Amino acid sequence: MASTNNQLEATELFEGQSLLYMHMFGFLKSMALKWAIQLNIPDIIYNHGKPITLSDLVSTLQVPISKQSLVERLMRFLAHNGIFVIHEKGENDDDDDQAYALTPASKLLSKSCCKDHCLTPMVLMSTDPILMGKFHQLGDWICGEIPTLYEAALGSTVWEFLEGKPEYLSLFNQAMASDSQMVNLALKNCSKVFEGIDSIVDVGGGTGTTARIICEAFPKLKCVVYDLPQVVANLSSACDNLSYVGGDMFKSIPQADAIMLKWILHDWTDEICIKILKTCKESVSSNGKKGKVIIMDIIINEEDDEKDMTETKLCLDLIMMGINGKERTGKEWKHLFVEAGFKDYKIFPLFENRSLIEAYP
Ligand SMILES: C[S@@+](CC[C@H](N)C(=O)[O-])C[C@H]1O[C@@H](n2cnc3c(N)ncnc32)[C@H](O)[C@@H]1O
Ligand SMILES: O=c1cc(-c2ccc(O)cc2)oc2c(O)c(O)ccc12
């Protein structure tokens with residue numbers, strides 16, 4: 001009996017050990033992704049026009065002979081994780097019997113392949129050493145009085161940090177724009193949301209990627225991108241129905257039939273979200289029309305989502321924790337709408353980890 005218990009205990013401990021190793025080395029997934037981008041591998045494979053053999057890849061990369069096997073090992077790791085796929089050509093145990101091809105994930109990292117849907121800037125932001133570095137201070141920050149991890153690690157809130165560092169503002173804006181490009185692919189599923197409205201303000205709309213997609217799809221809809229002055233400075237619109245206005249959403253929000261908030265509310269605490277939602281409600285109600293607030297954001301739904309999807313949402317929740325925001329469950333979203341005085345709201349799936357919520361004043 002004792003030995004059965006010991007065996008069980010040992011089995012469980014080995015499982016625990018295995019889980020810990022998986023987590024300890026998890027950072028190498030993002031590092032290997034960054035390596036592939038730094039070496040331009042997704043574009044090299046795409047431009048090759050067919051799966052690329054190891055010898056063609058290393059010769060394009062001009063990797064010294066002594067390091068060629070390292071490329072093979074990195075590609076094996078990335079293929080194991082679904083970023084590339086290995087095509088086996090023959091039965092010989094020869095390097096050139098294998099060739100690497102793109103998967104949907106690496107297509108999204110190739111500018112040549114997915115010009116309008118390239119997620120490379122988001123990978124570069126999420127793997128930036130300074131931005132990643134602040135997570136080393138989670139422990140000290142949680143036990144201290146400083147309100148946000150950004151302030152604890154970098155000395156200012158995220159928005160002040162970005163304002164003072166043009167290269168990071170540009171990295172952040174490009175990362176946000178790359179996420180917004182995906183709206184293009186999802187718009188057909190939710191086009192009804194934009195029908196019957198004449199004007200919309202994209203509050204915190206960044207450099208205007210989402211607004212541009214909506215303006216092109218609905219040429220009669222007048223769209224304003226409203227963001228901090230340093231974000232919209234020097235931006236000009238290519239479409240007649242799109243304009244940029246610099247301002248502070250905590251001071252005022254321009255009037256319109258609809259307000260859009262994409263990836264805005266998850267940046268803030270409940271208290272601040274309720275304040276933003278109340279201002280939006282006033283803005284869409286003040287012209288006497290029955291306006292609405294359109295929210296594109298994350299809803300945590302552990303019951304219905306796949307485990308991997310929940311994991312991504314919970315990772316984003318930790319990122320939001322660092323800027324004093326949070327990802328919310330359906331119940332938590334309801335709390336915001338009720339407290340801000342909205343009469344009703346509807347939820348639609350948008351894409352992958354994102355939902356679209358229409359809230360009615
Ligand atoms: C996470 S980004 C989302 C950008 C864009 N909506 C998107 O999804 O790509 C948040 C945006 O809110 C803007 N923002 C932050 N504070 C703001 C304020 N007080 N007034 C207006 N915009 C603000 C930021 O500059 C940034 O562009
Ligand atoms: O990978 C990220 C993403 C963000 C991010 C995403 C969406 C938002 O509405 C705000 C921020 O922020 C990050 C960040 O602040 C960081 O230090 C590292 C990575 C990321």
# chains A, B, ... in the order shown; residues from 1 in each chain; ligands from 1

call {"tool": "residues_near_ligand", "arguments": {"ligand": "ligand 1", "cutoff": "10 Å", "atoms": "only C-alpha atoms and all ligand atoms", "output": "NGL selection string"}}
result
:A and (158-160 or 162-163 or 169 or 172-181 or 183 or 202-211 or 225-232 or 245-253 or 260-268 or 276 or 295-297 or 320)

call {"tool": "select_by_dssp", "arguments": {"residues": "region 54-132 of chain A", "states": "alpha helix (DSSP H)", "output": "MDAnalysis selection string"}}
result
chainID A and resid 54:61 68:80 104:107 120:126 129:132

call {"tool": "write_last_selection", "arguments": {"atoms": "C-alpha atoms", "output": "mmCIF file, in the first residue's frame"}}
result
data_model
loop_
_atom_site.group_PDB
_atom_site.id
_atom_site.type_symbol
_atom_site.label_atom_id
_atom_site.label_comp_id
_atom_site.auth_asym_id
_atom_site.auth_seq_id
_atom_site.Cartn_x
_atom_site.Cartn_y
_atom_site.Cartn_z
ATOM 1 C CA LEU A 54 17.563 23.895 -45.188
ATOM 2 C CA SER A 55 20.478 24.408 -47.583
ATOM 3 C CA ASP A 56 18.591 27.054 -49.585
ATOM 4 C CA LEU A 57 17.495 28.749 -46.362
ATOM 5 C CA VAL A 58 20.968 28.914 -44.823
ATOM 6 C CA SER A 59 22.502 30.100 -48.080
ATOM 7 C CA THR A 60 19.903 32.915 -48.339
ATOM 8 C CA LEU A 61 20.546 33.809 -44.692
ATOM 9 C CA GLN A 68 23.849 25.877 -40.034
ATOM 10 C CA SER A 69 22.602 23.181 -37.689
ATOM 11 C CA LEU A 70 21.360 25.918 -35.335
ATOM 12 C CA VAL A 71 18.988 27.132 -38.037
ATOM 13 C CA GLU A 72 17.703 23.572 -38.404
ATOM 14 C CA ARG A 73 17.109 23.309 -34.637
ATOM 15 C CA LEU A 74 15.307 26.658 -34.432
ATOM 16 C CA MET A 75 13.142 25.725 -37.424
ATOM 17 C CA ARG A 76 12.366 22.346 -35.823
ATOM 18 C CA PHE A 77 11.247 24.147 -32.656
ATOM 19 C CA LEU A 78 9.084 26.616 -34.591
ATOM 20 C CA ALA A 79 7.596 23.836 -36.741
ATOM 21 C CA HIS A 80 6.827 21.826 -33.598
ATOM 22 C CA PRO A 104 -1.355 30.568 -41.360
ATOM 23 C CA ALA A 105 0.618 31.893 -38.351
ATOM 24 C CA SER A 106 3.845 32.592 -40.276
ATOM 25 C CA LYS A 107 1.882 33.977 -43.257
ATOM 26 C CA THR A 120 5.022 41.485 -37.003
ATOM 27 C CA PRO A 121 4.804 44.846 -35.147
ATOM 28 C CA MET A 122 2.774 43.197 -32.358
ATOM 29 C CA VAL A 123 5.444 40.487 -31.995
ATOM 30 C CA LEU A 124 8.182 43.144 -31.905
ATOM 31 C CA MET A 125 6.360 45.088 -29.188
ATOM 32 C CA SER A 126 5.588 42.051 -27.071
ATOM 33 C CA PRO A 129 13.479 43.906 -23.935
ATOM 34 C CA ILE A 130 12.489 47.098 -22.058
ATOM 35 C CA LEU A 131 8.747 46.393 -22.208
ATOM 36 C CA MET A 132 9.266 42.723 -21.308
#

call {"tool": "select_by_dssp", "arguments": {"residues": "region 206-361 of chain A", "states": "strand (DSSP E)", "output": "PyMOL selection string"}}
result
chain A and resi 222-227+242-246+258-262+292-297+299-300+328-329+344-351+354-360
